[in-house]
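Below is query_32.cif, which holds mmCIF, C-alpha atoms and all ligand atoms.
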```cif
data_coords
#
loop_
_atom_site.label_atom_id
_atom_site.label_comp_id
_atom_site.auth_asym_id
_atom_site.auth_seq_id
_atom_site.Cartn_x
_atom_site.Cartn_y
_atom_site.Cartn_z
CA MET A 1 39.57 11.47 -98.55
CA SER A 2 41.64 11.67 -95.37
CA GLU A 3 40.63 9.80 -92.25
CA LEU A 4 40.07 13.15 -90.56
CA ASN A 5 37.62 14.21 -93.25
CA GLU A 6 35.80 10.89 -93.07
CA ASN A 7 35.36 11.28 -89.32
CA ALA A 8 34.12 14.83 -89.77
CA ASN A 9 31.54 13.58 -92.28
CA LEU A 10 30.36 10.84 -89.94
CA ASP A 11 29.96 13.40 -87.14
CA LEU A 12 27.96 15.59 -89.45
CA ILE A 13 25.52 12.78 -90.31
CA CYS A 14 25.38 11.75 -86.66
CA ASN A 15 24.46 15.32 -85.68
CA MET A 16 21.73 15.43 -88.30
CA GLN A 17 20.31 12.16 -86.93
CA LYS A 18 20.39 13.53 -83.39
CA ILE A 19 18.62 16.72 -84.43
CA TYR A 20 15.86 14.88 -86.32
CA LEU A 21 15.32 12.30 -83.57
CA GLU A 22 15.28 14.92 -80.82
CA ILE A 23 12.77 17.08 -82.71
CA TYR A 24 10.70 13.94 -83.39
CA ASN A 25 10.59 13.11 -79.67
CA ILE A 26 9.64 16.67 -78.72
CA SER A 27 6.87 16.99 -81.31
CA ASN A 28 5.47 13.57 -80.36
CA THR A 29 5.26 14.65 -76.72
CA TYR A 30 3.09 17.61 -77.74
CA LEU A 31 0.90 15.51 -80.05
CA ARG A 32 0.40 12.77 -77.44
CA ASN A 33 -0.37 15.38 -74.84
CA TYR A 34 -3.30 16.49 -77.04
CA TYR A 35 -4.48 13.23 -78.61
CA GLY A 36 -3.44 10.61 -76.03
CA ASP A 37 -1.87 8.46 -78.72
CA LEU A 38 -1.45 8.62 -82.47
CA LYS A 39 -3.04 5.30 -83.31
CA GLU A 40 -6.23 6.84 -84.64
CA TYR A 41 -5.90 9.05 -87.72
CA HIS A 42 -6.65 12.75 -87.33
CA THR A 43 -6.15 15.83 -89.44
CA ILE A 44 -3.94 17.55 -86.91
CA ASP A 45 -5.94 20.18 -85.02
CA ILE A 46 -3.07 22.65 -84.82
CA ARG A 47 -5.29 25.53 -83.71
CA GLY A 48 -6.65 23.36 -80.86
CA ILE A 49 -3.15 22.30 -79.79
CA VAL A 50 -1.95 25.90 -79.72
CA LYS A 51 -5.03 27.05 -77.78
CA LYS A 52 -4.48 24.27 -75.23
CA HIS A 53 -1.18 25.99 -74.44
CA GLU A 54 -3.10 29.25 -73.94
CA ILE A 55 -1.49 30.95 -76.90
CA ASP A 56 -3.75 33.38 -78.75
CA ILE A 57 -3.96 33.28 -82.53
CA ILE A 58 -4.65 36.63 -84.19
CA GLU A 59 -5.21 36.94 -87.92
CA ARG A 60 -4.38 40.33 -89.42
CA GLU A 61 -2.93 42.11 -92.42
CA MET A 62 0.87 41.89 -92.67
CA TYR A 63 2.49 44.83 -94.39
CA THR A 64 5.61 43.78 -96.28
CA ASN A 65 6.47 46.97 -98.18
CA SER A 66 9.98 47.06 -96.75
CA PHE A 67 10.71 43.51 -97.93
CA LEU A 68 11.87 42.31 -101.30
CA PHE A 69 9.28 39.59 -101.89
CA ILE A 70 5.50 39.67 -101.89
CA ASN A 71 4.04 37.96 -98.81
CA GLN A 72 7.49 37.67 -97.27
CA ILE A 73 6.07 37.69 -93.74
CA ASP A 74 3.43 35.03 -93.14
CA GLY A 75 3.30 35.37 -89.37
CA TYR A 76 5.17 35.86 -86.13
CA LEU A 77 5.30 34.90 -82.49
CA ASP A 78 5.12 37.69 -79.95
CA LYS A 79 4.22 38.17 -76.31
CA ASP A 80 2.25 40.60 -74.22
CA LYS A 81 3.22 41.16 -70.60
CA LYS A 82 0.06 40.97 -68.51
CA GLU A 83 -0.13 41.77 -64.80
CA ASN A 84 0.99 38.39 -63.57
CA HIS A 85 1.79 36.36 -66.65
CA ILE A 86 3.11 36.51 -70.18
CA GLN A 87 0.54 36.07 -72.92
CA TYR A 88 2.00 34.49 -76.07
CA ILE A 89 0.40 35.44 -79.37
CA ILE A 90 0.79 33.99 -82.84
CA TYR A 91 -0.01 36.54 -85.54
CA VAL A 92 -0.95 35.12 -88.94
CA ASN A 93 -1.33 36.83 -92.28
CA LYS A 94 -5.10 36.80 -92.73
CA ASN A 95 -4.85 36.72 -96.53
CA LEU A 96 -3.30 33.23 -96.62
CA SER A 97 -5.29 30.08 -97.36
CA GLU A 98 -6.27 27.98 -94.34
CA THR A 99 -3.75 25.28 -95.31
CA SER A 100 -0.94 27.88 -95.34
CA LYS A 101 -2.18 29.40 -92.09
CA ARG A 102 -1.91 25.95 -90.51
CA TYR A 103 1.75 25.79 -91.55
CA VAL A 104 2.48 29.26 -90.18
CA ILE A 105 0.73 28.51 -86.88
CA ALA A 106 2.66 25.23 -86.48
CA HIS A 107 5.93 26.97 -87.37
CA GLU A 108 5.41 29.75 -84.81
CA PHE A 109 4.28 27.21 -82.23
CA SER A 110 7.58 25.39 -82.88
CA HIS A 111 9.46 28.57 -81.93
CA TYR A 112 7.44 28.62 -78.72
CA ILE A 113 8.25 24.93 -78.01
CA LEU A 114 11.97 25.46 -78.63
CA GLN A 115 11.98 28.44 -76.31
CA GLN A 116 10.26 26.46 -73.57
CA LYS A 117 12.90 23.73 -74.01
CA GLN A 118 15.66 26.29 -73.89
CA LYS A 119 14.29 27.72 -70.66
CA GLU A 120 14.13 24.22 -69.13
CA THR A 121 17.69 23.33 -70.03
CA GLU A 122 19.32 26.67 -69.40
CA LYS A 123 17.32 27.33 -66.23
CA ILE A 124 17.14 31.00 -67.07
CA LYS A 125 14.25 33.20 -67.91
CA LYS A 126 15.22 34.30 -71.37
CA GLU A 127 13.45 37.20 -72.95
CA ILE A 128 11.57 35.98 -75.99
CA GLU A 129 12.48 37.62 -79.26
CA ILE A 130 9.86 38.13 -81.94
CA LYS A 131 10.09 35.20 -84.38
CA TYR A 132 8.97 35.90 -87.89
CA CYS A 133 7.87 33.21 -90.30
CA LEU A 134 9.49 34.34 -93.54
CA ASN A 135 9.83 32.45 -96.82
CA VAL A 136 9.95 28.80 -95.90
CA LEU A 137 12.00 26.57 -98.17
CA PHE A 138 14.78 29.12 -97.72
CA SER A 139 15.28 29.17 -93.97
CA LYS A 140 17.82 31.69 -92.80
CA SER A 141 19.16 30.01 -89.66
CA GLY A 142 19.48 26.75 -87.75
CA GLU A 143 16.56 27.66 -85.52
CA GLU A 144 14.31 28.43 -88.50
CA ASN A 145 15.29 25.11 -90.05
CA ALA A 146 14.58 23.27 -86.77
CA CYS A 147 11.14 24.92 -86.65
CA ASP A 148 10.38 23.82 -90.22
CA ILE A 149 11.36 20.24 -89.31
CA MET A 150 9.17 20.35 -86.21
CA THR A 151 6.30 21.81 -88.24
CA ALA A 152 6.51 18.83 -90.59
CA PHE A 153 6.41 16.40 -87.65
CA LEU A 154 3.51 18.23 -85.99
CA LEU A 155 1.30 18.52 -89.09
CA MET A 156 2.25 15.25 -90.82
CA PRO A 157 3.11 12.64 -88.14
CA ILE A 158 5.07 9.77 -89.69
CA ASP A 159 2.63 7.34 -88.03
CA TYR A 160 -0.01 8.70 -90.43
CA VAL A 161 2.16 9.28 -93.49
CA LEU A 162 3.36 5.66 -93.75
CA PRO A 163 -0.09 4.02 -93.90
CA LEU A 164 -1.33 6.77 -96.25
CA MET A 165 1.61 6.06 -98.59
CA LYS A 166 0.72 2.40 -98.58
CA GLN A 167 -2.95 3.14 -99.22
CA PHE A 168 -2.09 5.52 -102.07
CA ILE A 169 0.29 3.10 -103.77
CA GLU A 170 -2.22 0.25 -103.52
CA SER A 171 -4.95 2.44 -104.99
CA GLN A 172 -2.66 3.25 -107.94
CA LYS A 173 -1.40 -0.24 -108.66
CA ASN A 174 -2.97 -0.28 -112.13
CA ASN A 175 -1.32 3.02 -113.02
CA TYR A 176 2.38 2.30 -112.33
CA PRO A 177 4.67 4.14 -112.54
CA ILE A 178 3.14 6.92 -110.45
CA ARG A 179 4.12 10.56 -110.50
CA ILE A 180 5.41 11.70 -107.11
CA SER A 181 3.54 14.99 -107.66
CA GLU A 182 0.25 13.01 -107.51
CA TRP A 183 1.25 11.48 -104.21
CA LEU A 184 2.16 14.90 -102.83
CA GLN A 185 -1.19 16.29 -103.98
CA CYS A 186 -3.01 13.56 -102.05
CA LEU A 187 -0.81 14.08 -99.01
CA SER A 188 -1.52 17.81 -99.14
CA TYR A 189 -5.27 17.08 -99.24
CA TRP A 190 -5.21 14.46 -96.46
CA MET A 191 -2.96 16.38 -94.09
CA LYS A 192 -4.45 19.81 -94.92
CA VAL A 193 -1.01 21.24 -95.65
CA SER A 194 -0.71 23.60 -98.64
CA SER A 195 0.81 22.22 -101.83
CA TYR A 196 3.63 24.76 -101.42
CA HIS A 197 4.59 23.49 -97.95
CA VAL A 198 3.85 19.79 -98.35
CA ASN A 199 6.98 19.12 -100.43
CA LEU A 200 9.27 20.44 -97.73
CA CYS A 201 7.36 18.59 -95.00
CA PHE A 202 7.56 15.31 -96.90
CA GLN A 203 11.31 15.70 -97.37
CA HIS A 204 11.71 16.04 -93.59
CA ILE A 205 9.57 12.92 -93.08
CA ARG A 206 11.81 11.03 -95.53
CA TYR A 207 14.91 11.99 -93.55
CA LEU A 208 13.17 11.02 -90.32
CA ALA A 209 12.21 7.59 -91.70
CA ALA A 210 15.82 6.97 -92.74
CA PHE A 211 17.18 8.07 -89.37
CA LEU A 212 14.65 5.98 -87.44
CA TYR A 213 15.48 3.00 -89.62
CA ASP A 214 19.21 3.44 -88.99
CA ASN A 215 18.68 3.94 -85.27
CA GLU A 216 16.77 0.81 -84.48
CA ASN A 217 17.68 -0.33 -80.96
CA MET A 218 19.23 3.07 -80.28
CA GLY A 219 16.70 4.75 -78.06
CA ILE A 220 13.60 4.60 -80.26
CA ASP A 221 11.22 2.34 -78.41
CA ASP A 222 8.34 2.34 -80.89
CA LYS A 223 8.81 -1.08 -82.47
CA ILE A 224 5.60 -0.82 -84.50
CA LEU A 225 6.85 2.32 -86.21
CA ILE A 226 10.22 0.74 -87.05
CA LYS A 227 8.40 -2.33 -88.38
CA ASN A 228 6.25 -0.09 -90.58
CA ILE A 229 9.26 1.77 -91.93
CA LYS A 230 10.86 -1.56 -92.84
CA GLU A 231 7.67 -2.78 -94.46
CA TYR A 232 7.19 0.41 -96.46
CA ALA A 233 10.89 1.07 -97.08
CA ARG A 234 10.62 0.59 -100.82
CA LEU A 235 8.04 3.39 -100.96
CA PHE A 236 10.81 5.83 -100.07
CA TYR A 237 13.13 4.88 -102.93
ZN ZN B 1 10.42 31.25 -87.91
#
```

Would you kindly transcribe this structure into structure tokens?
Amino acid sequence: MSELNENANLDLICNMQKIYLEIYNISNTYLRNYYGDLKEYHTIDIRGIVKKHEIDIIEREMYTNSFLFINQIDGYLDKDKKENHIQYIIYVNKNLSETSKRYVIAHEFSHYILQQKQKETEKIKKEIEIKYCLNVLFSKSGEENACDIMTAFLLMPIDYVLPLMKQFIESQKNNYPIRISEWLQCLSYWMKVSSYHVNLCFQHIRYLAAFLYDNENMGIDDKILIKNIKEYARLFY
């Protein structure tokens, strides 16, 4: 491989790290704003968090006749111009299970967060586009992917996932080796994330753990978290 190609690859990894760490910082700000800190375990109250930002959640039928796949639209973010303010609304397919609705709500809320960030940095009042939550696992753009990463961090904070992994592995110590599907089932139950979405969320948490581990002393000031990742590192192999 040429030196040029090696440098390009390093930049690519570096950019991925930056994206994950930036999304981690943003999602933590929103979680801390709601919970104060993340020391005490909670099933994330995503509906409460969204309502605190005065976004309405409306559950309704979603008609997907013009799409290829069944249930292709799970929800979308829209706005309603009121007299003196803009009312944001998250629409959710009412036929989904509550655990899937939680994913859709967090995903649409992530679009809202990214748009607020964009407004702050670009100092312009951008018109919001409608953001549909289509088939996750097959995101169609960088923004959709960023929203899926943020959804994982909002619904399954790494501060909770690490101790739960440890607890699960200790509870299974007479049954080694353990199937990863059993761990994911437990995680799905504990975090109230559907078994369909939990796999994707856990993959994003794995990347985050690796990037936090590699970025010790590089802007991440939560020493306890880094210590936990080191302690539980073997659980990620
Ligand atoms: Zn989306």

Could you make a table, as JSON lines, of the residues of range 115-216 of chain A that have an atom within 12 Å of an atom of range 14-22 of chain A, each with its nearest atom pair and distance in Å to one decimal, counting all atoms listed in the file, in chain and number order?
```
{"residue": "A:Lys117", "atom": "CA", "partner": "A:Glu22", "partner_atom": "CA", "distance": 11.4}
{"residue": "A:Gly142", "atom": "CA", "partner": "A:Ile19", "partner_atom": "CA", "distance": 10.6}
{"residue": "A:Glu143", "atom": "CA", "partner": "A:Ile19", "partner_atom": "CA", "distance": 11.2}
{"residue": "A:Asn145", "atom": "CA", "partner": "A:Ile19", "partner_atom": "CA", "distance": 10.6}
{"residue": "A:Ala146", "atom": "CA", "partner": "A:Ile19", "partner_atom": "CA", "distance": 8.0}
{"residue": "A:Cys147", "atom": "CA", "partner": "A:Tyr20", "partner_atom": "CA", "distance": 11.1}
{"residue": "A:Asp148", "atom": "CA", "partner": "A:Tyr20", "partner_atom": "CA", "distance": 11.2}
{"residue": "A:Ile149", "atom": "CA", "partner": "A:Tyr20", "partner_atom": "CA", "distance": 7.6}
{"residue": "A:Met150", "atom": "CA", "partner": "A:Tyr20", "partner_atom": "CA", "distance": 8.6}
{"residue": "A:Thr151", "atom": "CA", "partner": "A:Tyr20", "partner_atom": "CA", "distance": 12.0}
{"residue": "A:Ala152", "atom": "CA", "partner": "A:Tyr20", "partner_atom": "CA", "distance": 11.0}
{"residue": "A:Phe153", "atom": "CA", "partner": "A:Tyr20", "partner_atom": "CA", "distance": 9.7}
{"residue": "A:Gln203", "atom": "CA", "partner": "A:Tyr20", "partner_atom": "CA", "distance": 12.0}
{"residue": "A:His204", "atom": "CA", "partner": "A:Tyr20", "partner_atom": "CA", "distance": 8.5}
{"residue": "A:Ile205", "atom": "CA", "partner": "A:Tyr20", "partner_atom": "CA", "distance": 9.4}
{"residue": "A:Arg206", "atom": "CA", "partner": "A:Tyr20", "partner_atom": "CA", "distance": 10.8}
{"residue": "A:Tyr207", "atom": "CA", "partner": "A:Tyr20", "partner_atom": "CA", "distance": 7.8}
{"residue": "A:Leu208", "atom": "CA", "partner": "A:Tyr20", "partner_atom": "CA", "distance": 6.2}
{"residue": "A:Ala209", "atom": "CA", "partner": "A:Tyr20", "partner_atom": "CA", "distance": 9.8}
{"residue": "A:Ala210", "atom": "CA", "partner": "A:Gln17", "partner_atom": "CA", "distance": 9.0}
{"residue": "A:Phe211", "atom": "CA", "partner": "A:Gln17", "partner_atom": "CA", "distance": 5.7}
{"residue": "A:Leu212", "atom": "CA", "partner": "A:Leu21", "partner_atom": "CA", "distance": 7.4}
{"residue": "A:Tyr213", "atom": "CA", "partner": "A:Gln17", "partner_atom": "CA", "distance": 10.7}
{"residue": "A:Asp214", "atom": "CA", "partner": "A:Gln17", "partner_atom": "CA", "distance": 9.0}
{"residue": "A:Asn215", "atom": "CA", "partner": "A:Gln17", "partner_atom": "CA", "distance": 8.5}
{"residue": "A:Glu216", "atom": "CA", "partner": "A:Leu21", "partner_atom": "CA", "distance": 11.6}
```

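Distance-wise, CA of Val198 in chain A and CA of Leu184 in chain A end up 6.8 Å apart.
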
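Among the candidate residues A:Arg234, A:Asp159, A:Asp56, A:Arg102, the one lying nearest to Asn28 in chain A is A:Asp159, with distances computed using all atoms listed in the file.
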
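The spacing separating CA of Ile89 in chain A from CA of Ile55 in chain A amounts to 5.5 Å.
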
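For the choices A:Lys140, A:Glu170, A:Ser97, A:Thr43, the atom-to-atom distance to Leu187 in chain A is smallest for A:Thr43 when using only C-alpha atoms.
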
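Between CA of Ser188 in chain A and CA of Ser139 in chain A there is a distance of 20.9 Å.
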
* Residue nearest ligand ZN 1 (chain B) - candidates A:Lys166, A:Lys82, A:His107, A:Arg47, atoms counted: all atoms listed in the file -> A:His107
